[in-house]
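First up is the structure itself, then whatever we jot down about it.
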Amino acid sequence: MKLPYAESFKIKMVENIRKSTRQEREQWIKDARYNLFNLRSDQVFIDLLTDSGTGAMSDGQWSELMLGDESYAGASSYYKMKQAVKDICGFEYFLPTHQGRAAENVLFSTLVKQGDFIPGNSHFDTTKGHIEFRKATAIDCTIDEAFNTTLDHPFKGNIDLDKLEFVLQSNPKEHVPFIVVTITCNSSGGQPVSMENIKDVRALADKYGVKVLFDSARFAENAYFIKTREAAYQDKSIKEIVKEMFSFADMMTMSSKKDAIVNMGGFIGMRDHELFREASMYNILFEGFITYGGMSGRDMNALAKGLYEGTEFDYLESRIGQVAFLGEKLKNFGVPVLQPFGGHAIFIDAKKFLPNVPKEEYQAQTLAVELYIEGGVRGVEIGTLLADRDPLSRKNRYPALDLVRLTIPRRVYTNNHMEYTAVALANVYERRDRITKGMKIKWEAPLLRHFTVELERA
Ligand code: F0G
């Protein structure tokens with residue numbers, strides 16, 4: 001028999017979590033105005049809100065904390081991180097930042113101006129936010145297959161080359177500061193981009209003389225999918241694939257709270273010295289001196305170590321295997337899940353799950369609330385609330401997909417937690433016909449409302 005995967009770690013320290021009663025949860029979620037962000041973490045049994053900054057560091061990373069050099073300038077921790085960025089990603093120049101959106105803020109302050117167009121694959125919210133904040137436009141060029149939740153396609157994060165070329169043809173290159181390739185593509189379900197597609201995007205960028213930026217929060221997971229799904233790469237190591245991927249980028253931003261398995265941190269990688277110089281100014285302005293940029297020395301050490309650990313095949317196999325384990329369980333229960341399964345999360349199609357709840361009553365949010373009440377599991381709505389209102393008409397924008405994301409933190413939960421989550425959701429699925437009412441909004445912020453929205457039962 002082929003041996004199954006098993007975790008490439010054993011557990012040395014645990015954090016106790018507590019189950020609650022259904023009655024308690026009904027009260028807590030009501031008090032939280034039916035917004036899962038308002039729950040206290042001790043009111044949650046299994047927390048699948050995000051995989052960002054929620055991972056468990058290794059003993060190697062914890063020991064690196066003790067070696068942190070907290071010098072303001074030129075700390076050894078800075079050089080350790082610089083070396084790791086060079087070794088793993090291949091970039092000569094780098095700037096540390098406190099997290100991913102801070103990297104975007106610094107880099108985009110340097111490169112993006114009013115009236116620019118930035119094509120890419122389903123830009124992440126903060127990426128889009130930082131583009132629109134500068135009165136530029138993000139243009140989604142993701143392949144159409146990504147929007148069909150059941151279609152089997154190995155690389156649903158891919159960029160549609162025709163859509164991209166159309167953008168490049170119709171705008172002068174002075175107005176296209178770069179193309180963003182998000183690896184893996186969070187907004188389309190943690191779906192990977194193939195090496196072939198990356199190469200094709202690079203070729204188009206060269207043809208039109210524009211730069212390529214990788215939004216690299218989950219780059220190692222992307223490399224795992226390339227290794228396991230793209231024939232030419234099956235015998236290459238993850239580290240070789242990662243190096244090759246980045247060789248096609250001019251620059252990268254990274255939220256290191258994901259694949260570098262740290263609780264806080266990020267960075268920008270660059271090849272161009274002039275760009276590094278210009279971005280350094282904004283780094284100093286927004287983040288801190290260029291050799292710490294919003295991070296303490298110990299955190300840079302842990303991040304450096306995490307880049308090496310996060311690109312180990314055995315780790316990635318068990319990490320992505322666990323996500324698929326949850327996905328398979330749900331599929332077997334008949335729950336409508338986005339397929340193929342993503343690298344960091346399982347997405348539930350709430351429109352299919354709760355067809356009796358009108359879309360005006362926020363199907364995905366309703367489902368997330370029901371799952372919490374059922375089992376104390378916290379997922380997150382990636383749907384109508386997140387999409388905000390149209391800025392002009394102030395009407396709800398109903399996105400094509402109204403999803404609940406069950407995001408799996410790295411090295412934190414066991415497969416029993418996944419089993420528990422699947423059963424909790426299956427129980428909701430069993431009573432789905434009786435769920436006919438959703439939520440209505442009592443109060444909302446004008447922008448990014450999903451974080452603070454207050455709801456009541458419709
Ligand atoms: N890019 C991608 C693809 C992301 O998924 C995120 C964060 C960011 C950039 C921003 O990084 O949070 O460190 O500032 N995603 C988190 C999530 C928040 O839950 O998916 P950050």
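In the structure tokens, chains take letters A, B, ... by order of appearance, with residues numbered from 1 within each chain and ligands from 1 in the order shown.
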
(message) Applying 12 Å and only C-alpha atoms, which residues near Ser296 of chain A remain after dropping the ones on its own chain fewer than 6 positions away? List them as a PyMOL selection string.
(response) chain A and resi 65-73+75-78+81+96-98+264-266+287-289+302-303

Just the selected residues (N, CA and C atoms), exported as an mmCIF file, in the first residue's frame, please.
data_model
loop_
_atom_site.group_PDB
_atom_site.id
_atom_site.type_symbol
_atom_site.label_atom_id
_atom_site.label_comp_id
_atom_site.auth_asym_id
_atom_site.auth_seq_id
_atom_site.Cartn_x
_atom_site.Cartn_y
_atom_site.Cartn_z
ATOM 1 N N LEU A 65 13.571 33.557 18.050
ATOM 2 C CA LEU A 65 13.130 34.777 18.746
ATOM 3 C C LEU A 65 14.179 35.217 19.770
ATOM 4 N N MET A 66 14.791 34.223 20.412
ATOM 5 C CA MET A 66 15.775 34.546 21.457
ATOM 6 C C MET A 66 17.047 35.149 20.857
ATOM 7 N N LEU A 67 17.262 34.914 19.580
ATOM 8 C CA LEU A 67 18.486 35.392 18.932
ATOM 9 C C LEU A 67 18.284 36.723 18.219
ATOM 10 N N GLY A 68 17.076 37.285 18.359
ATOM 11 C CA GLY A 68 16.783 38.523 17.646
ATOM 12 C C GLY A 68 17.744 39.649 18.023
ATOM 13 N N ASP A 69 18.161 40.384 17.009
ATOM 14 C CA ASP A 69 19.032 41.542 17.242
ATOM 15 C C ASP A 69 18.159 42.780 17.062
ATOM 16 N N GLU A 70 17.981 43.514 18.151
ATOM 17 C CA GLU A 70 17.048 44.642 18.117
ATOM 18 C C GLU A 70 17.733 45.983 17.830
ATOM 19 N N SER A 71 18.879 45.957 17.197
ATOM 20 C CA SER A 71 19.535 47.219 16.808
ATOM 21 C C SER A 71 18.656 47.976 15.828
ATOM 22 N N TYR A 72 18.641 49.271 15.970
ATOM 23 C CA TYR A 72 17.800 50.091 15.077
ATOM 24 C C TYR A 72 18.247 49.928 13.625
ATOM 25 N N ALA A 73 19.552 50.002 13.410
ATOM 26 C CA ALA A 73 20.064 49.928 12.037
ATOM 27 C C ALA A 73 21.054 48.772 11.910
ATOM 28 N N ALA A 75 20.744 45.476 11.942
ATOM 29 C CA ALA A 75 20.664 44.312 12.837
ATOM 30 C C ALA A 75 21.012 43.023 12.089
ATOM 31 N N SER A 76 21.611 42.079 12.810
ATOM 32 C CA SER A 76 21.922 40.787 12.176
ATOM 33 C C SER A 76 20.634 40.103 11.719
ATOM 34 N N SER A 77 19.532 40.381 12.424
ATOM 35 C CA SER A 77 18.245 39.778 12.043
ATOM 36 C C SER A 77 17.822 40.241 10.646
ATOM 37 N N TYR A 78 18.126 41.503 10.357
ATOM 38 C CA TYR A 78 17.824 42.021 9.012
ATOM 39 C C TYR A 78 18.604 41.226 7.968
ATOM 40 N N MET A 81 17.199 37.787 7.441
ATOM 41 C CA MET A 81 15.990 37.782 6.610
ATOM 42 C C MET A 81 16.340 38.074 5.151
ATOM 43 N N PRO A 96 11.669 45.059 4.693
ATOM 44 C CA PRO A 96 10.710 44.453 5.615
ATOM 45 C C PRO A 96 9.545 45.411 5.868
ATOM 46 N N THR A 97 8.355 44.866 6.079
ATOM 47 C CA THR A 97 7.177 45.675 6.429
ATOM 48 C C THR A 97 6.393 44.898 7.485
ATOM 49 N N HIS A 98 5.455 45.562 8.151
ATOM 50 C CA HIS A 98 4.821 44.832 9.269
ATOM 51 C C HIS A 98 3.810 43.797 8.805
ATOM 52 N N MET A 264 3.086 37.776 12.524
ATOM 53 C CA MET A 264 3.064 39.131 11.963
ATOM 54 C C MET A 264 4.307 39.320 11.098
ATOM 55 N N GLY A 265 4.157 40.025 9.993
ATOM 56 C CA GLY A 265 5.341 40.302 9.171
ATOM 57 C C GLY A 265 5.035 40.290 7.689
ATOM 58 N N GLY A 266 5.907 40.965 6.942
ATOM 59 C CA GLY A 266 5.764 40.991 5.488
ATOM 60 C C GLY A 266 7.000 41.608 4.880
ATOM 61 N N GLU A 287 6.778 52.753 7.674
ATOM 62 C CA GLU A 287 7.027 51.509 8.409
ATOM 63 C C GLU A 287 8.152 51.613 9.442
ATOM 64 N N GLY A 288 9.213 52.275 9.094
ATOM 65 C CA GLY A 288 10.376 52.338 9.970
ATOM 66 C C GLY A 288 11.628 52.263 9.122
ATOM 67 N N PHE A 289 12.779 52.351 9.747
ATOM 68 C CA PHE A 289 14.026 52.328 8.985
ATOM 69 C C PHE A 289 14.104 51.054 8.124
ATOM 70 N N ALA A 302 12.398 34.867 12.994
ATOM 71 C CA ALA A 302 11.401 33.790 12.883
ATOM 72 C C ALA A 302 10.869 33.706 11.460
ATOM 73 N N LEU A 303 10.722 34.879 10.830
ATOM 74 C CA LEU A 303 10.222 34.910 9.452
ATOM 75 C C LEU A 303 11.226 34.225 8.512
#

Could you build a table of the residues in segment 251-355 of chain A lying no more than 12 Å from segment 225-239 of chain A, giving for each the nearest pair of atoms and their separation in Å rounded to one decimal place, using only C-alpha atoms, ordered by chain and ascending residue number, as a tab-separated table?
residue	atom	partner	partner_atom	distance
A:Leu307	CA	A:Lys239	CA	10.1
A:Tyr308	CA	A:Lys239	CA	8.6
A:Glu309	CA	A:Lys239	CA	10.4
A:Gly310	CA	A:Ile238	CA	9.7
A:Thr311	CA	A:Ile238	CA	6.0
A:Glu312	CA	A:Ile238	CA	6.7
A:Phe313	CA	A:Ile238	CA	6.1
A:Asp314	CA	A:Ile238	CA	9.9
A:Tyr315	CA	A:Ile238	CA	10.8
A:Leu316	CA	A:Ile238	CA	9.2
A:Glu317	CA	A:Thr228	CA	9.8
A:Ile320	CA	A:Phe225	CA	9.3
A:Gly321	CA	A:Phe225	CA	11.4
A:Pro340	CA	A:Phe225	CA	11.2
A:Phe341	CA	A:Phe225	CA	11.0
A:Gly342	CA	A:Phe225	CA	9.6
A:Gly343	CA	A:Phe225	CA	8.2
A:His344	CA	A:Phe225	CA	11.8

Keeping C-alpha atoms for every residue in the selection just given, could you write it to a file as a compact mmCIF listing (two decimals), in the first residue's frame?
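Listing of again-v8.txt after writing:
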# COMPACT_ATOMS: atom_id res chain seq x y z
CA LEU A 307 10.56 30.82 4.69
CA TYR A 308 12.80 27.74 4.74
CA GLU A 309 10.30 25.57 6.66
CA GLY A 310 7.29 26.68 4.65
CA THR A 311 8.89 25.51 1.42
CA GLU A 312 9.43 21.91 2.57
CA PHE A 313 7.42 19.40 0.54
CA ASP A 314 6.45 17.19 3.49
CA TYR A 315 5.04 20.15 5.39
CA LEU A 316 3.06 21.37 2.36
CA GLU A 317 1.75 17.89 1.62
CA ILE A 320 -2.75 21.01 1.80
CA GLY A 321 -3.73 17.39 2.52
CA PRO A 340 -10.95 21.74 -6.86
CA PHE A 341 -10.17 22.46 -3.20
CA GLY A 342 -7.94 25.47 -2.59
CA GLY A 343 -4.61 25.46 -0.81
CA HIS A 344 -5.61 27.28 2.36

(request) Enumerate residues in contact with ligand 1: an atom-to-atom distance of at most 6 Å, counting only C-alpha atoms and all ligand atoms. Format the result as a ChimeraX atom specification. (result) /A:50,52,99-101,124,126,182,186,215,217,255,257

May I have the selected residues written with all heavy atoms, as a compact mmCIF listing (two decimals), in the first residue's frame?
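Saved file result-v7.txt follows:
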# COMPACT_ATOMS: atom_id res chain seq x y z
N THR A 50 -9.47 32.82 9.48
CA THR A 50 -8.38 33.11 8.54
C THR A 50 -7.18 32.21 8.83
O THR A 50 -7.03 31.68 9.93
CB THR A 50 -7.96 34.59 8.63
OG1 THR A 50 -6.89 34.82 7.69
CG2 THR A 50 -7.48 35.00 10.01
N SER A 52 -4.32 33.67 8.37
CA SER A 52 -3.34 34.75 8.34
C SER A 52 -2.87 35.09 9.74
O SER A 52 -3.64 35.61 10.56
CB SER A 52 -3.98 36.00 7.71
OG SER A 52 -3.04 37.03 7.63
N GLN A 99 3.23 43.96 7.63
CA GLN A 99 2.40 42.89 7.06
C GLN A 99 2.21 43.13 5.57
O GLN A 99 2.86 44.02 5.00
CB GLN A 99 1.08 42.72 7.81
CG GLN A 99 0.13 43.90 7.82
CD GLN A 99 -1.11 43.61 8.67
OE1 GLN A 99 -1.09 43.79 9.87
NE2 GLN A 99 -2.19 43.16 8.05
N GLY A 100 1.35 42.32 4.94
CA GLY A 100 1.25 42.36 3.47
C GLY A 100 0.75 43.70 2.93
O GLY A 100 1.29 44.25 1.98
N ARG A 101 -0.31 44.22 3.55
CA ARG A 101 -0.89 45.46 3.01
C ARG A 101 0.07 46.64 3.20
O ARG A 101 0.00 47.62 2.47
CB ARG A 101 -2.25 45.73 3.65
CG ARG A 101 -2.22 46.04 5.11
CD ARG A 101 -3.58 45.84 5.76
NE ARG A 101 -3.91 44.41 5.86
CZ ARG A 101 -5.07 43.96 6.31
NH1 ARG A 101 -6.02 44.79 6.68
NH2 ARG A 101 -5.31 42.66 6.38
N PHE A 124 -6.53 40.76 -4.39
CA PHE A 124 -7.02 40.67 -3.02
C PHE A 124 -7.56 42.04 -2.58
O PHE A 124 -7.14 43.07 -3.09
CB PHE A 124 -5.89 40.20 -2.08
CG PHE A 124 -6.37 40.04 -0.67
CD1 PHE A 124 -7.28 39.04 -0.36
CD2 PHE A 124 -5.94 40.88 0.34
CE1 PHE A 124 -7.77 38.91 0.94
CE2 PHE A 124 -6.42 40.76 1.65
CZ PHE A 124 -7.34 39.76 1.95
N THR A 126 -7.15 44.12 -0.11
CA THR A 126 -6.27 45.21 0.29
C THR A 126 -5.46 45.71 -0.92
O THR A 126 -5.15 46.89 -1.02
CB THR A 126 -5.29 44.78 1.40
OG1 THR A 126 -4.50 43.69 0.93
CG2 THR A 126 -6.02 44.39 2.67
N THR A 182 -1.42 36.98 -8.39
CA THR A 182 -1.62 36.57 -7.00
C THR A 182 -1.47 35.06 -6.90
O THR A 182 -2.21 34.30 -7.53
CB THR A 182 -3.04 36.99 -6.54
OG1 THR A 182 -3.28 38.33 -6.94
CG2 THR A 182 -3.18 36.88 -5.04
N ASN A 186 -6.29 34.04 -3.69
CA ASN A 186 -7.18 33.94 -2.53
C ASN A 186 -8.63 34.20 -2.95
O ASN A 186 -9.52 33.41 -2.65
CB ASN A 186 -6.72 34.98 -1.49
CG ASN A 186 -7.46 34.86 -0.16
OD1 ASN A 186 -8.29 33.98 0.03
ND2 ASN A 186 -7.13 35.74 0.76
N ASP A 215 1.91 38.94 -5.92
CA ASP A 215 1.36 39.03 -4.56
C ASP A 215 1.50 37.62 -4.00
O ASP A 215 0.79 36.70 -4.38
CB ASP A 215 -0.10 39.49 -4.65
CG ASP A 215 -0.78 39.49 -3.28
OD1 ASP A 215 -0.14 39.09 -2.28
OD2 ASP A 215 -1.97 39.88 -3.20
N ALA A 217 1.53 35.91 -0.91
CA ALA A 217 1.18 35.42 0.43
C ALA A 217 1.27 33.89 0.54
O ALA A 217 1.78 33.35 1.50
CB ALA A 217 -0.23 35.88 0.80
N SER A 255 2.61 38.92 2.33
CA SER A 255 2.09 38.85 3.69
C SER A 255 2.69 37.57 4.27
O SER A 255 2.24 36.47 3.95
CB SER A 255 0.57 38.77 3.67
OG SER A 255 0.13 38.40 4.97
N LYS A 257 2.44 36.33 7.03
CA LYS A 257 1.56 35.70 8.02
C LYS A 257 0.96 34.41 7.48
O LYS A 257 0.29 33.70 8.21
CB LYS A 257 0.44 36.68 8.38
CG LYS A 257 0.98 37.99 8.95
CD LYS A 257 -0.08 39.08 9.00
CE LYS A 257 -1.07 38.84 10.10
NZ LYS A 257 -1.99 40.01 10.26

(request) Once DSSP has gone over the backbone, tell me which residues of segment 35-272 of chain A are in strand (DSSP E or B), as an MDAnalysis selection string. (result) chainID A and resid 46:47 93:97 117:120 137:140 142 159 178:182 185 191 211:215 251:255 266:270

May I have the selected residues written with C-alpha atoms, as a PDB file, in the first residue's frame?
ATOM      1  CA  ILE A  46     -12.617  25.954  16.127  1.00  0.00           C
ATOM      2  CA  ASP A  47     -11.493  29.191  14.542  1.00  0.00           C
ATOM      3  CA  TYR A  93      16.831  43.886  -2.704  1.00  0.00           C
ATOM      4  CA  PHE A  94      14.190  43.704  -0.025  1.00  0.00           C
ATOM      5  CA  LEU A  95      12.345  45.858   2.490  1.00  0.00           C
ATOM      6  CA  PRO A  96      10.710  44.453   5.615  1.00  0.00           C
ATOM      7  CA  THR A  97       7.177  45.675   6.429  1.00  0.00           C
ATOM      8  CA  PHE A 117      -4.703  50.501 -14.760  1.00  0.00           C
ATOM      9  CA  ILE A 118      -3.479  47.393 -12.992  1.00  0.00           C
ATOM     10  CA  PRO A 119      -4.494  44.101 -14.531  1.00  0.00           C
ATOM     11  CA  GLY A 120      -4.264  40.907 -12.492  1.00  0.00           C
ATOM     12  CA  THR A 137      -8.250  50.881 -11.462  1.00  0.00           C
ATOM     13  CA  ALA A 138      -7.746  47.167 -10.849  1.00  0.00           C
ATOM     14  CA  ILE A 139      -8.822  45.057 -13.827  1.00  0.00           C
ATOM     15  CA  ASP A 140      -9.660  41.424 -13.159  1.00  0.00           C
ATOM     16  CA  THR A 142      -8.864  35.815 -14.216  1.00  0.00           C
ATOM     17  CA  ILE A 159      -4.720  34.859 -15.949  1.00  0.00           C
ATOM     18  CA  PHE A 178       2.624  46.515 -13.393  1.00  0.00           C
ATOM     19  CA  ILE A 179       0.595  43.336 -13.727  1.00  0.00           C
ATOM     20  CA  VAL A 180      -0.304  41.609 -10.419  1.00  0.00           C
ATOM     21  CA  VAL A 181      -0.141  37.822 -10.275  1.00  0.00           C
ATOM     22  CA  THR A 182      -1.623  36.574  -7.001  1.00  0.00           C
ATOM     23  CA  CYS A 185      -5.327  33.452  -5.827  1.00  0.00           C
ATOM     24  CA  GLN A 191      -6.545  28.518  -6.574  1.00  0.00           C
ATOM     25  CA  LYS A 211       6.572  45.071 -14.956  1.00  0.00           C
ATOM     26  CA  VAL A 212       5.251  41.982 -13.178  1.00  0.00           C
ATOM     27  CA  LEU A 213       4.474  41.921  -9.434  1.00  0.00           C
ATOM     28  CA  PHE A 214       3.714  38.720  -7.530  1.00  0.00           C
ATOM     29  CA  ASP A 215       1.361  39.032  -4.564  1.00  0.00           C
ATOM     30  CA  MET A 251       9.111  42.350  -7.691  1.00  0.00           C
ATOM     31  CA  MET A 252       7.037  40.705  -5.002  1.00  0.00           C
ATOM     32  CA  THR A 253       5.007  41.683  -1.988  1.00  0.00           C
ATOM     33  CA  MET A 254       4.380  39.138   0.725  1.00  0.00           C
ATOM     34  CA  SER A 255       2.093  38.846   3.687  1.00  0.00           C
ATOM     35  CA  GLY A 266       5.764  40.991   5.488  1.00  0.00           C
ATOM     36  CA  PHE A 267       8.181  42.295   2.913  1.00  0.00           C
ATOM     37  CA  ILE A 268       8.821  43.603  -0.589  1.00  0.00           C
ATOM     38  CA  GLY A 269      11.350  41.893  -2.880  1.00  0.00           C
ATOM     39  CA  MET A 270      12.854  43.795  -5.827  1.00  0.00           C
TER      40      MET A 270
END

(message) To test your reading of the structure, identify every residue in segment 222-394 of chain A that backbone DSSP assigns to alpha helix (DSSP H), and report it as a PyMOL selection string.
(response) chain A and resi 222-229+238-247+273-286+297-309+313-332+350-353+363-375+384-387

(message) For a test of reading the model, state the distance in Å between atom CA of Asn38 of chain A and atom CA of Glu454 of chain A, rounded to one decimal.
(response)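 Separation between atom CA of Asn38 of chain A and atom CA of Glu454 of chain A: 9.3 Å.
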
(message) Here is a test: counting only C-alpha atoms, which residue of A:Glu328, A:Asp125, A:Glu381, A:Asp388 is nearest to Ala350 of chain A?
(response) A:Glu381

(message) Can you tell me which residues surround segment 358-360 of chain A at a distance of at most 8 Å, considering only C-alpha atoms, apart from same-chain residues fewer than 4 positions away, and format the answer as an MDAnalysis selection string?
(response) chainID A and resid 351 436:438

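In terms of minimum interatomic distance to Thr414 of chain A, A:Ser318 ranks closest within A:Ser318, A:Ser247, A:Thr452, A:Asn396, counting only C-alpha atoms.
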
(request) Choose the residue, out of A:Glu419, A:Asp390, A:Glu132, A:Glu64, that has the smallest atom-to-atom separation from Asn332 of chain A; count only C-alpha atoms. (result)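 Residue with the minimum atom-to-atom distance to Asn332 of chain A: A:Glu419.
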
(request) Might you pull out every residue within 9 Å of segment 166-171 of chain A, with only C-alpha atoms counted and same-chain residues fewer than 2 positions away left off, and present them as a VMD selection string? (result) chain A and resid 116 to 119 139 141 161 to 164 173 to 176 204 to 205 208 210

Produce a file of the selected residues containing N, CA, C and O atoms, as a CSV table (one decimal), in the first residue's frame.
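The new file part.csv reads:
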chain,number,residue,atom,x,y,z
A,116,ASP,N,-4.1,55.2,-13.4
A,116,ASP,CA,-3.4,54.0,-13.9
A,116,ASP,C,-4.4,52.8,-13.9
A,116,ASP,O,-5.4,52.8,-13.3
A,117,PHE,N,-3.9,51.8,-14.7
A,117,PHE,CA,-4.7,50.5,-14.8
A,117,PHE,C,-3.8,49.4,-14.3
A,117,PHE,O,-2.6,49.3,-14.8
A,118,ILE,N,-4.3,48.5,-13.5
A,118,ILE,CA,-3.5,47.4,-13.0
A,118,ILE,C,-4.2,46.1,-13.2
A,118,ILE,O,-5.1,45.7,-12.4
A,119,PRO,N,-3.9,45.4,-14.3
A,119,PRO,CA,-4.5,44.1,-14.5
A,119,PRO,C,-3.9,43.0,-13.6
A,119,PRO,O,-2.8,43.1,-13.1
A,139,ILE,N,-8.0,45.8,-12.8
A,139,ILE,CA,-8.8,45.1,-13.8
A,139,ILE,C,-8.6,43.6,-13.7
A,139,ILE,O,-7.5,43.0,-13.8
A,141,CYS,N,-8.5,40.0,-14.7
A,141,CYS,CA,-8.3,39.2,-15.9
A,141,CYS,C,-8.2,37.7,-15.6
A,141,CYS,O,-7.6,36.9,-16.4
A,161,LEU,N,-5.0,35.3,-20.9
A,161,LEU,CA,-4.0,36.0,-21.7
A,161,LEU,C,-4.7,37.0,-22.7
A,161,LEU,O,-4.2,38.1,-22.9
A,162,ASP,N,-5.9,36.6,-23.2
A,162,ASP,CA,-6.6,37.6,-24.1
A,162,ASP,C,-7.0,38.8,-23.4
A,162,ASP,O,-6.9,39.9,-23.9
A,163,LYS,N,-7.6,38.5,-22.2
A,163,LYS,CA,-8.1,39.7,-21.4
A,163,LYS,C,-6.9,40.6,-21.0
A,163,LYS,O,-7.0,41.8,-21.1
A,164,LEU,N,-5.8,40.0,-20.7
A,164,LEU,CA,-4.6,40.7,-20.3
A,164,LEU,C,-4.1,41.5,-21.5
A,164,LEU,O,-3.8,42.7,-21.3
A,173,LYS,N,1.7,52.2,-21.9
A,173,LYS,CA,2.4,51.5,-20.9
A,173,LYS,C,2.7,52.4,-19.7
A,173,LYS,O,2.9,51.9,-18.5
A,174,GLU,N,2.8,53.7,-19.9
A,174,GLU,CA,3.0,54.6,-18.8
A,174,GLU,C,1.9,54.5,-17.8
A,174,GLU,O,2.0,55.0,-16.6
A,175,HIS,N,0.7,54.0,-18.2
A,175,HIS,CA,-0.5,53.9,-17.3
A,175,HIS,C,-0.7,52.5,-16.8
A,175,HIS,O,-1.7,52.2,-16.2
A,176,VAL,N,0.3,51.6,-17.1
A,176,VAL,CA,0.2,50.3,-16.5
A,176,VAL,C,1.5,50.0,-15.8
A,176,VAL,O,2.4,49.5,-16.3
A,204,LEU,N,4.1,38.4,-22.3
A,204,LEU,CA,3.2,39.5,-22.6
A,204,LEU,C,3.7,40.8,-22.0
A,204,LEU,O,3.7,41.9,-22.6
A,205,ALA,N,4.1,40.7,-20.7
A,205,ALA,CA,4.7,41.9,-20.1
A,205,ALA,C,5.9,42.4,-20.8
A,205,ALA,O,6.0,43.6,-21.0
A,208,TYR,N,4.9,44.2,-24.1
A,208,TYR,CA,4.4,45.6,-23.9
A,208,TYR,C,5.2,46.5,-22.9
A,208,TYR,O,4.8,47.6,-22.6
A,210,VAL,N,5.9,46.2,-19.6
A,210,VAL,CA,5.5,46.5,-18.3
A,210,VAL,C,6.0,45.5,-17.3
A,210,VAL,O,6.5,44.4,-17.7

(request) Calculate how many Å separate atom CA of Met57 of chain A from atom CA of Ser216 of chain A, rounding to one decimal. (result)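 Between atom CA of Met57 of chain A and atom CA of Ser216 of chain A the gap works out to 19.4 Å.
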
(request) Find the residue from A:Arg378, A:Arg389, A:Arg319, A:Arg411 that sits nearest to Asn35 of chain A; use only C-alpha atoms when measuring. (result)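 Selected residue with least distance to Asn35 of chain A: A:Arg378.
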